[in-house]
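Enquirer: Take a look at protein21.txt, compact mmCIF, C-alpha atoms:
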```txt
# COMPACT_ATOMS: atom_id res chain seq x y z
CA MET G 104 -25.00 2.43 4.95
CA ASP G 105 -25.69 2.67 1.21
CA SER G 106 -23.44 3.39 -1.76
CA LYS G 107 -24.74 6.94 -2.09
CA LYS G 108 -23.58 7.76 1.43
CA LEU G 109 -20.17 6.22 0.75
CA LYS G 110 -19.72 8.44 -2.32
CA ALA G 111 -20.66 11.48 -0.25
CA ASN G 112 -18.15 10.47 2.41
CA LEU G 113 -15.44 10.12 -0.24
CA GLU G 114 -16.11 13.73 -1.20
CA THR G 115 -15.83 14.70 2.46
CA LEU G 116 -12.47 12.93 2.64
CA LYS G 117 -11.30 14.66 -0.54
CA LYS G 118 -11.99 18.07 1.01
CA LYS G 119 -9.74 17.17 3.94
CA ILE G 120 -6.70 16.52 1.74
CA PRO G 121 -4.37 19.55 1.96
CA LYS G 122 -3.61 21.43 -1.25
CA LYS G 123 -0.10 22.17 -2.42
CA PRO G 124 1.20 25.24 -0.56
CA LYS G 125 2.75 28.19 -2.34
CA THR G 126 5.98 27.82 -0.39
CA LYS G 127 7.94 24.68 0.39
CA LEU G 128 7.05 23.09 3.70
CA PRO G 129 9.76 22.26 6.25
CA VAL G 130 8.03 18.99 7.17
CA TYR G 131 5.81 16.42 5.48
CA PRO G 132 3.35 13.91 6.92
CA LYS G 133 4.87 10.75 8.37
CA ASN G 134 1.63 8.78 8.49
CA ILE G 135 -1.91 8.75 7.12
CA SER G 136 -3.37 10.73 10.00
CA GLU G 137 -0.88 13.57 9.50
CA SER G 138 -1.60 13.57 5.76
CA LEU G 139 -5.06 14.97 6.55
CA GLN G 140 -3.35 18.09 7.94
CA LEU G 141 -0.03 18.29 6.07
CA TYR G 142 0.61 18.31 2.33
CA LEU G 143 2.53 15.34 0.91
CA ARG G 144 4.81 16.19 -2.00
CA HIS G 145 4.09 14.83 -5.48
CA ARG G 146 7.48 13.16 -5.69
CA THR G 147 6.61 10.92 -2.75
CA ILE G 148 3.15 10.22 -4.16
CA ASP G 149 4.75 9.12 -7.45
CA VAL G 150 7.07 6.73 -5.61
CA MET G 151 4.16 5.33 -3.62
CA ARG G 152 2.02 4.77 -6.70
CA TYR G 153 4.62 2.78 -8.60
CA ALA G 154 5.59 0.81 -5.50
CA CYS G 155 1.93 0.15 -4.72
CA TRP G 156 1.39 -1.25 -8.22
CA ILE G 157 4.20 -3.72 -7.61
CA TYR G 158 2.74 -4.67 -4.22
CA ASP G 159 -0.73 -5.13 -5.74
CA GLU G 160 0.65 -7.37 -8.46
CA HIS G 161 2.24 -9.67 -5.88
CA ASN G 162 -0.70 -9.62 -3.43
CA TRP G 163 1.06 -7.58 -0.77
CA PRO G 164 -0.46 -4.72 1.24
CA LEU G 165 1.53 -1.51 1.44
CA PRO G 166 4.05 -1.69 4.34
CA LEU G 167 3.64 1.52 6.34
CA TYR G 168 5.17 0.19 9.55
CA VAL G 169 8.65 1.71 9.12
CA ASN G 170 9.67 3.98 11.99
CA PRO G 171 9.91 7.48 10.44
CA ALA G 172 12.30 8.59 13.18
CA LYS G 173 14.74 5.76 12.46
CA ILE G 174 14.23 4.27 9.01
CA LYS G 175 15.73 0.79 8.72
CA ILE G 176 15.41 -1.30 5.58
CA GLY G 177 18.38 -3.65 5.72
CA TYR G 178 21.98 -3.19 4.58
CA LEU G 179 21.62 -4.40 0.98
CA ASN G 180 18.40 -2.47 0.43
CA GLU G 181 19.92 0.71 1.83
CA PHE G 182 22.99 0.22 -0.36
CA MET G 183 20.77 -0.05 -3.45
CA PHE G 184 18.89 3.07 -2.41
CA THR G 185 22.10 5.01 -1.82
CA LYS G 186 23.57 4.02 -5.17
CA LEU G 187 20.47 3.84 -7.35
CA GLY G 188 17.78 5.90 -5.63
CA MET G 189 16.79 8.88 -7.77
CA ASN G 190 14.68 11.97 -7.31
CA ASP G 191 14.00 12.67 -10.96
CA PHE G 192 10.48 11.98 -12.21
CA LYS G 193 11.78 10.50 -15.48
CA TYR G 194 13.46 7.72 -13.53
CA PHE G 195 10.23 6.92 -11.72
CA ASP G 196 8.64 6.53 -15.14
CA LEU G 197 11.56 4.36 -16.18
CA PHE G 198 11.32 2.05 -13.19
CA GLY G 199 7.59 2.16 -12.62
CA GLY G 200 6.68 1.98 -16.29
CA LEU G 201 7.80 -1.63 -16.37
CA ARG G 202 4.75 -2.50 -14.33
CA LEU G 203 2.27 -1.33 -16.98
CA LYS G 204 0.81 -4.26 -18.85
CA ILE G 205 1.19 -3.17 -22.45
CA ASP G 206 1.55 -5.50 -25.41
CA GLU G 207 4.87 -4.34 -26.77
CA ALA G 208 8.13 -4.85 -24.91
CA PHE G 209 9.36 -1.98 -22.77
CA GLU G 210 11.69 0.19 -24.80
CA MET G 211 14.89 1.07 -22.97
CA PRO G 212 15.89 4.74 -23.23
CA ARG G 213 19.09 5.47 -25.07
CA ASN G 214 22.33 5.26 -23.09
CA ILE G 215 20.53 3.72 -20.10
CA ILE G 216 23.44 1.36 -19.35
CA THR G 217 25.88 4.28 -19.35
CA ARG G 218 23.60 6.23 -17.03
CA CYS G 219 23.30 3.32 -14.63
CA MET G 220 27.06 2.78 -14.56
CA TRP G 221 27.57 6.47 -13.80
CA LEU G 222 25.06 6.27 -10.98
CA LEU G 223 26.68 3.17 -9.51
CA ARG G 224 30.06 4.87 -9.45
CA TYR G 225 29.33 8.49 -8.63
CA HIS G 226 25.77 8.92 -7.41
CA LYS G 227 25.30 9.41 -3.69
CA ARG G 228 21.90 9.87 -2.09
CA LYS G 229 21.28 11.53 1.21
CA LYS G 230 19.92 9.46 4.05
CA LEU G 231 16.51 7.85 3.90
CA GLU G 232 13.58 10.05 4.91
CA TYR G 233 9.81 9.88 4.88
CA PHE G 234 8.70 7.16 2.44
CA ASP G 235 11.84 7.05 0.30
CA TYR G 236 12.27 3.39 1.26
CA LEU G 237 9.49 2.58 -1.21
CA ILE G 238 11.91 3.43 -4.02
CA VAL G 239 13.74 0.17 -3.28
CA PRO G 240 11.00 -2.15 -4.66
CA LEU G 241 11.15 -0.14 -7.90
CA ILE G 242 14.90 -0.63 -8.07
CA CYS G 243 14.56 -4.32 -7.23
CA ARG G 244 11.99 -4.74 -9.99
CA PHE G 245 14.03 -2.89 -12.59
CA PHE G 246 17.37 -4.58 -11.96
CA GLY G 247 16.00 -7.95 -10.86
CA VAL G 248 18.14 -7.80 -7.73
CA THR G 249 15.64 -9.41 -5.39
CA ASN G 250 11.94 -10.16 -5.34
CA ILE G 251 9.33 -8.21 -3.42
CA SER G 252 8.75 -10.94 -0.82
CA THR G 253 12.45 -11.06 0.07
CA PHE G 254 12.50 -7.29 0.44
CA ASN G 255 9.37 -7.31 2.61
CA ILE G 256 10.67 -10.04 4.91
CA GLU G 257 13.85 -8.07 5.54
CA LEU G 258 11.89 -4.83 5.95
CA PHE G 259 9.56 -6.53 8.43
CA ASN G 260 12.42 -8.07 10.41
CA GLU G 261 14.21 -4.73 10.63
CA ASN G 262 11.09 -3.00 11.96
CA TYR G 263 9.57 -5.84 13.99
CA ASP G 264 10.09 -4.29 17.43
CA TYR G 265 8.64 -0.96 16.34
CA LEU G 266 5.59 -2.30 14.53
CA SER G 267 4.71 -4.95 17.13
CA LEU G 268 4.81 -2.35 19.91
CA LYS G 269 2.70 0.06 17.85
CA ILE G 270 0.03 -2.58 17.31
CA ILE G 271 0.07 -3.87 20.90
CA GLU G 272 -0.20 -0.35 22.34
CA ASN G 273 -2.81 0.90 19.87
CA GLN G 274 -5.66 2.35 21.93
CA ILE G 275 -8.41 0.84 19.82
CA LEU G 276 -7.05 -2.65 20.60
CA GLN G 277 -6.63 -2.26 24.35
CA GLU G 278 -9.38 -4.72 25.24
CA LYS G 279 -7.80 -7.20 22.79
CA ARG G 280 -4.25 -6.74 24.06
CA ASP G 281 -3.82 -10.32 25.29
CA ILE G 282 -4.88 -11.71 21.91
CA VAL G 283 -2.57 -9.30 20.09
CA LYS G 284 0.35 -10.29 22.32
CA GLU G 285 -0.40 -13.94 21.57
CA ILE G 286 -0.33 -13.18 17.83
CA PHE G 287 3.22 -11.89 18.08
CA ALA G 288 4.26 -14.65 20.48
CA ASN G 289 3.08 -17.22 17.93
CA PHE G 290 4.94 -15.40 15.18
CA LYS G 291 8.21 -15.39 17.13
CA LYS G 292 7.86 -19.12 17.79
CA GLY G 293 7.18 -19.87 14.14
CA ARG G 294 3.55 -20.83 14.72
CA TYR G 295 2.43 -18.97 11.64
CA ALA G 296 -0.91 -20.74 11.15
CA SER G 297 -1.96 -19.81 14.68
CA CYS G 298 -0.72 -16.27 14.14
CA ILE G 299 -2.80 -15.90 10.97
CA THR G 300 -6.03 -17.34 12.34
CA SER G 301 -5.74 -15.22 15.50
CA ILE G 302 -5.73 -12.07 13.39
CA TYR G 303 -9.14 -12.85 11.83
CA PRO G 304 -11.31 -11.73 14.78
CA ILE G 305 -9.14 -8.65 15.33
CA LEU G 306 -9.82 -7.44 11.80
CA ASP G 307 -13.57 -7.96 12.17
CA PHE G 308 -13.49 -6.18 15.53
CA LEU G 309 -11.74 -3.19 13.94
CA THR G 310 -14.35 -3.00 11.20
CA ARG G 311 -17.18 -2.83 13.73
CA ARG G 312 -15.33 -0.12 15.62
CA TYR G 313 -14.87 1.93 12.47
CA PHE G 314 -18.55 1.53 11.61
CA ASP G 315 -19.36 2.36 15.25
CA THR G 316 -21.63 -0.66 15.55
CA LYS G 317 -21.92 -3.97 17.40
CA ASP G 318 -23.52 -5.65 14.40
CA PHE G 319 -21.52 -8.77 13.48
CA GLY G 320 -22.66 -8.28 9.89
CA LYS G 321 -20.26 -5.36 9.57
CA ASP G 322 -17.04 -7.13 8.66
CA MET G 323 -14.36 -6.80 6.01
CA VAL G 324 -16.49 -8.71 3.51
CA SER G 325 -19.24 -6.12 3.88
CA VAL G 326 -16.67 -3.35 3.30
CA ASN G 327 -15.68 -4.89 -0.04
CA ALA G 328 -19.33 -5.27 -1.02
CA MET G 329 -20.09 -1.68 -0.05
CA PHE G 330 -17.32 -0.27 -2.24
CA LYS G 331 -18.33 -2.52 -5.12
CA ALA G 332 -21.94 -1.32 -4.87
CA ALA G 333 -20.64 2.25 -5.02
CA GLY G 334 -18.96 1.49 -8.35
CA PHE G 335 -15.49 0.71 -7.04
CA GLY G 336 -14.65 -2.51 -8.77
CA GLU G 337 -11.06 -3.61 -9.34
CA GLN G 338 -10.31 -0.88 -11.89
CA GLU G 339 -11.82 1.94 -9.86
CA ILE G 340 -10.05 0.78 -6.70
CA ASP G 341 -6.77 1.17 -8.57
CA ASN G 342 -7.80 4.68 -9.60
CA LEU G 343 -8.02 5.71 -5.95
CA LYS G 344 -4.24 6.02 -6.22
CA PRO G 345 -3.41 9.62 -7.13
CA GLY G 346 -2.21 9.79 -10.72
CA ALA G 347 -3.05 6.17 -11.55
CA ALA G 348 -5.87 6.95 -13.95
CA THR G 349 -3.90 9.77 -15.59
CA ARG G 350 -0.86 7.53 -16.08
CA LYS G 351 -2.91 4.80 -17.76
CA LEU G 352 -4.83 7.30 -19.89
CA MET G 353 -1.53 8.82 -21.01
CA VAL G 354 -0.52 5.42 -22.42
CA LEU G 355 -3.77 5.33 -24.42
CA LEU G 356 -3.20 8.89 -25.60
CA THR G 357 0.31 8.16 -26.85
CA LYS G 358 -1.10 5.17 -28.75
CA ASN G 359 -3.74 7.46 -30.30
CA GLU G 360 -6.49 5.29 -28.82
CA ILE G 361 -8.14 8.34 -27.24
CA SER G 362 -8.13 12.01 -28.18
CA ARG G 363 -6.67 14.77 -26.04
CA ALA G 364 -10.19 15.98 -25.28
CA GLU G 365 -11.19 12.50 -24.13
CA TYR G 366 -8.03 12.30 -22.05
CA LYS G 367 -8.94 15.50 -20.23
CA VAL G 368 -12.53 14.43 -19.55
CA LEU G 369 -11.59 10.93 -18.39
CA SER G 370 -8.76 12.22 -16.19
CA GLU G 371 -11.13 14.55 -14.36
CA LYS G 372 -13.67 11.74 -13.98
CA HIS G 373 -11.33 9.06 -12.65
CA GLU G 374 -8.91 11.10 -10.53
CA HIS G 375 -10.31 11.22 -7.00
CA GLY G 376 -7.75 13.55 -5.40
CA LEU G 377 -7.35 11.59 -2.16
CA GLY G 378 -3.58 11.90 -1.81
CA PHE G 379 -1.78 9.56 0.60
CA ALA G 380 -5.14 8.41 1.99
CA GLY G 381 -6.22 7.25 -1.47
CA MET G 382 -2.97 5.35 -1.97
CA ALA G 383 -3.34 3.48 1.31
CA LEU G 384 -7.06 2.92 0.75
CA SER G 385 -6.41 1.44 -2.69
CA SER G 386 -3.82 -0.97 -1.28
CA PHE G 387 -6.16 -1.90 1.57
CA LEU G 388 -9.10 -2.65 -0.75
CA THR G 389 -6.99 -4.49 -3.32
CA PHE G 390 -5.60 -6.85 -0.70
CA SER G 391 -9.03 -7.16 0.95
CA ASN G 392 -10.63 -8.26 -2.32
CA GLN G 393 -8.06 -11.01 -2.75
CA TYR G 394 -7.92 -12.05 0.89
CA TYR G 395 -11.68 -12.04 1.48
CA GLY G 396 -12.59 -13.43 -1.95
CA TYR G 397 -15.48 -15.89 -1.74
CA TYR G 398 -15.05 -19.38 -3.19
CA ARG G 399 -17.85 -21.92 -3.46
CA SER G 400 -15.53 -24.88 -4.00
CA GLU G 401 -11.91 -25.88 -3.63
CA LYS G 402 -9.51 -24.48 -6.20
CA GLY G 403 -6.01 -25.35 -7.28
CA ASP G 404 -4.43 -22.18 -5.88
CA ALA G 405 -4.33 -23.50 -2.33
CA ASP G 406 -1.18 -21.52 -1.55
CA VAL G 407 -3.00 -18.20 -2.02
CA LEU G 408 -3.76 -16.40 1.24
CA ASN G 409 -7.56 -16.44 1.29
CA ARG G 410 -9.62 -16.40 4.47
CA HIS G 411 -12.58 -18.34 3.09
CA SER G 412 -10.49 -21.20 1.72
CA ILE G 413 -8.55 -21.42 5.00
CA LEU G 414 -11.70 -21.56 7.14
CA HIS G 415 -13.15 -24.33 4.96
CA GLY G 416 -9.98 -26.43 5.02
CA ALA G 417 -9.18 -25.95 1.33
CA ASN G 418 -5.72 -24.53 2.00
CA ASN G 419 -3.16 -26.75 3.70
CA ASP G 420 -0.13 -24.56 3.10
CA PHE G 421 -1.18 -21.15 4.40
CA GLY G 422 0.90 -21.28 7.60
CA THR G 423 4.04 -19.66 6.22
CA LYS G 424 6.15 -16.77 7.44
CA ILE G 425 5.39 -14.79 4.28
CA ASN G 426 1.63 -15.14 4.77
CA ALA G 427 1.91 -14.19 8.44
CA ILE G 428 3.90 -11.08 7.51
CA LYS G 429 1.36 -10.21 4.82
CA LEU G 430 -1.52 -10.36 7.29
CA ILE G 431 0.31 -8.44 10.03
CA THR G 432 1.17 -5.81 7.41
CA TYR G 433 -2.51 -5.68 6.47
CA LEU G 434 -3.49 -5.35 10.14
CA TYR G 435 -1.05 -2.45 10.55
CA LEU G 436 -2.42 -0.80 7.40
CA THR G 437 -5.98 -1.20 8.72
CA LEU G 438 -4.99 0.50 11.98
CA GLU G 439 -3.21 3.30 10.11
CA LEU G 440 -6.35 3.89 8.05
CA GLU G 441 -8.50 4.47 11.15
CA PRO G 442 -9.11 8.22 10.57
CA VAL G 443 -9.87 7.63 6.89
CA LEU G 444 -12.20 4.67 7.38
CA LYS G 445 -14.09 6.43 10.16
CA ILE G 446 -14.83 9.25 7.72
CA LEU G 447 -15.88 6.84 4.98
CA PHE G 448 -18.04 4.66 7.25
CA LYS G 449 -19.83 7.54 8.96
CA ASN G 450 -23.54 6.97 8.47
CA LYS G 451 -25.00 10.15 9.94
```
Could you render the structure as structure tokens?

Expert:
Amino acid sequence: MDSKKLKANLETLKKKIPKKPKTKLPVYPKNISESLQLYLRHRTIDVMRYACWIYDEHNWPLPLYVNPAKIKIGYLNEFMFTKLGMNDFKYFDLFGGLRLKIDEAFEMPRNIITRCMWLLRYHKRKKLEYFDYLIVPLICRFFGVTNISTFNIELFNENYDYLSLKIIENQILQEKRDIVKEIFANFKKGRYASCITSIYPILDFLTRRYFDTKDFGKDMVSVNAMFKAAGFGEQEIDNLKPGAATRKLMVLLTKNEISRAEYKVLSEKHEHGLGFAGMALSSFLTFSNQYYGYYRSEKGDADVLNRHSILHGANNDFGTKINAIKLITYLYLTLELEPVLKILFKNK
């Protein structure tokens, strides 16, 4: 499969993303598969984008394993959401804007402390729904309440039974069920190194299934190379997130580094219109590039979760709970992306 075909398949995927309806929908998609039939509101996309930037920065894949029928994120996290979660777009800019790497310090809006105190005392959010739980990392980042790894560990623990069952019972993994069960058995017993290394062949197996081939050459490394050949380097991968390119171009526009005409042209060029699928795909590829990065020699960052360094014995400290959770989260994301990746990898 060449880069030209991948670009064509991206256009095919784009055409499958539902447009905004004229009237408000009673329901929204609860997973990636449903997002190819149901429109996902812009407010949720905005939350996802800012949260995804935080996850990217800390080498975490997007956690999509929360049960939509019974959202559980932990008592403290839910308390923060209830007291500080906000629907207004300007607050997303306030929280999420801290992530943007600009030279000058972030300028706090006027009366922000007063606003926050009012929210703490009087603001009451309705119960969690859809992907509202992704607001919590934004709140954590803004107020410095907890770090992203702490949040993800609690989120994972709260949803462990649901996500483990979803992975074990996934139809595409039926012939690998015993291995998958062993992965979770090792995790429960604290054998994190065994858990991590057992996931490797599962990920390669999934890639071959999505490519519809038995060729061992079709693995996650080849996926990264394929996207890179199609012009999706690190910057373009980030722009797969809806609104990411526009948000960054807006910063340049406000600094008078580009004209309004240039802003319009560049926005149209770099916005891919892939909705929820683009958000998940961007997270998937960003983590893949870091995890499957190729090193020719040992490096000092031995604590970084990298498959190549682990296989060559350059990493002695990879067997941690955090790394195991990262890789299980990545496995879940890969399974969730099945309908998207099958479209992108179609070679006929």

Enquirer: Figure out the distance between CA of Phe308 (chain G) and CA of Gly334 (chain G), please, to one decimal in Å.

Expert: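 Result for CA of Gly334 (chain G) versus CA of Phe308 (chain G): 25.7 Å, one decimal.
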
Enquirer: Report the distance between CA of Thr253 (chain G) and CA of Pro240 (chain G) in Å, rounded to one decimal place.

Expert: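 Going from CA of Thr253 (chain G) over to CA of Pro240 (chain G), I get 10.2 Å.
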
Enquirer: Report, in Å with one decimal, the straight-line distance from CA of Lys449 (chain G) to CA of Phe330 (chain G).

Expert: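 Between CA of Lys449 (chain G) and CA of Phe330 (chain G) the gap is 13.9 Å.
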
Enquirer: Would you be able to write out as a list in words which residues have an atom within 9 Å of (-7.1, 10.6, -2.4) in the file's coordinates, counting all atoms listed in the file?

Expert: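 Final list of nearby residues, as requested, is Leu113, Leu116, Lys117, Ile120, Leu343, Lys344, Pro345, Glu374, His375, Gly376, Leu377, Gly378, Phe379, Ala380, Gly381, Met382, Ala383 and Leu384 of chain G.
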
Enquirer: Would you mind exporting C-alpha atoms of the selected residues as a compact mmCIF listing (two decimals), keeping the file's coordinate frame?

Expert:
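New file again.txt:
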```txt
# COMPACT_ATOMS: atom_id res chain seq x y z
CA LEU G 113 -15.44 10.12 -0.24
CA LEU G 116 -12.47 12.93 2.64
CA LYS G 117 -11.30 14.66 -0.54
CA ILE G 120 -6.70 16.52 1.74
CA LEU G 343 -8.02 5.71 -5.95
CA LYS G 344 -4.24 6.02 -6.22
CA PRO G 345 -3.41 9.62 -7.13
CA GLU G 374 -8.91 11.10 -10.53
CA HIS G 375 -10.31 11.22 -7.00
CA GLY G 376 -7.75 13.55 -5.40
CA LEU G 377 -7.35 11.59 -2.16
CA GLY G 378 -3.58 11.90 -1.81
CA PHE G 379 -1.78 9.56 0.60
CA ALA G 380 -5.14 8.41 1.99
CA GLY G 381 -6.22 7.25 -1.47
CA MET G 382 -2.97 5.35 -1.97
CA ALA G 383 -3.34 3.48 1.31
CA LEU G 384 -7.06 2.92 0.75
```

Enquirer: Ranking G:Ala288, G:Leu143, G:Ala111, G:Leu369 by minimum distance to Lys123 (chain G) and counting all atoms listed in the file, which one comes first?

Expert: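 Between G:Ala288, G:Leu143, G:Ala111, G:Leu369, the residue approaching Lys123 (chain G) most closely is G:Leu143.
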
Enquirer: Which is closest to Phe259 (chain G) among G:Ala154, G:Leu438, G:Ile174, G:Leu109, if we use all atoms listed in the file?

Expert: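 Answer, going by the shortest atom-to-atom distance: G:Ile174.
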
Enquirer: Could you give me, as a PDB file with C-alpha atoms, in the coordinates of the input, the residues that have an atom at most 8 Å away from the point (-5.5, 1.4, 5.2) in the coordinates of the file, using only C-alpha atoms?

Expert:
```pdb
ATOM      1  CA  ALA G 380      -5.140   8.410   1.990  1.00  0.00           C
ATOM      2  CA  ALA G 383      -3.340   3.480   1.310  1.00  0.00           C
ATOM      3  CA  LEU G 384      -7.060   2.920   0.750  1.00  0.00           C
ATOM      4  CA  SER G 385      -6.410   1.440  -2.690  1.00  0.00           C
ATOM      5  CA  SER G 386      -3.820  -0.970  -1.280  1.00  0.00           C
ATOM      6  CA  PHE G 387      -6.160  -1.900   1.570  1.00  0.00           C
ATOM      7  CA  TYR G 433      -2.510  -5.680   6.470  1.00  0.00           C
ATOM      8  CA  TYR G 435      -1.050  -2.450  10.550  1.00  0.00           C
ATOM      9  CA  LEU G 436      -2.420  -0.800   7.400  1.00  0.00           C
ATOM     10  CA  THR G 437      -5.980  -1.200   8.720  1.00  0.00           C
ATOM     11  CA  LEU G 438      -4.990   0.500  11.980  1.00  0.00           C
ATOM     12  CA  GLU G 439      -3.210   3.300  10.110  1.00  0.00           C
ATOM     13  CA  LEU G 440      -6.350   3.890   8.050  1.00  0.00           C
ATOM     14  CA  GLU G 441      -8.500   4.470  11.150  1.00  0.00           C
ATOM     15  CA  VAL G 443      -9.870   7.630   6.890  1.00  0.00           C
ATOM     16  CA  LEU G 444     -12.200   4.670   7.380  1.00  0.00           C
TER      17      LEU G 444
END
```

Enquirer: Can you tell me which residues surround Thr349 (chain G) at a distance of at most 10 Å, considering all atoms listed in the file, apart from same-chain residues fewer than 3 positions away, and format the answer as a list of chain:residue names?

Expert: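 Everything that qualifies: G:Asn342, G:Pro345, G:Gly346, G:Leu352, G:Met353, G:Val354, G:Leu355, G:Tyr366, G:Lys367, G:Leu369, G:Ser370, G:Glu371, G:His373, G:Glu374.
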
Enquirer: Using all atoms listed in the file, which of the listed residues (G:Leu128, G:Met323, G:Leu388, G:Leu237) sits closest to Leu141 (chain G)?

Expert: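 Counting all atoms listed in the file, the residue closest to Leu141 (chain G) is G:Leu128.
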
Enquirer: Find, counting only C-alpha atoms, the residue in G:Arg350, G:Ser267, G:Asn273, G:Ala296 that gets nearest to Asp149 (chain G).

Expert: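 Going through G:Arg350, G:Ser267, G:Asn273, G:Ala296 one by one, the smallest distance to Asp149 (chain G) is for G:Arg350.
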
Enquirer: Of the residues G:Ile238, G:Asn255, G:Gly320, G:Ser136, which is the one nearest to Arg152 (chain G), using only C-alpha atoms?

Expert: G:Ile238

Enquirer: Measuring atom to atom with only C-alpha atoms, identify which of G:Thr300, G:Gln140, G:Asn250, G:Asn426 is nearest to Asn180 (chain G).

Expert: G:Asn250

Enquirer: Write out as number ranges by chain the residues lying within 9 Å of Asn327 (chain G), counting only C-alpha atoms and excluding same-chain residues fewer than 4 positions away.

Expert: G: 323, 331-332, 335, 388, 391-392, 395

Enquirer: Within 7 Å of Pro132 (chain G), counting all atoms listed in the file, which residues qualify if same-chain residues fewer than 2 places away don't, as a PyMOL selection string?

Expert: chain G and resi 130+134+137-138+141-143
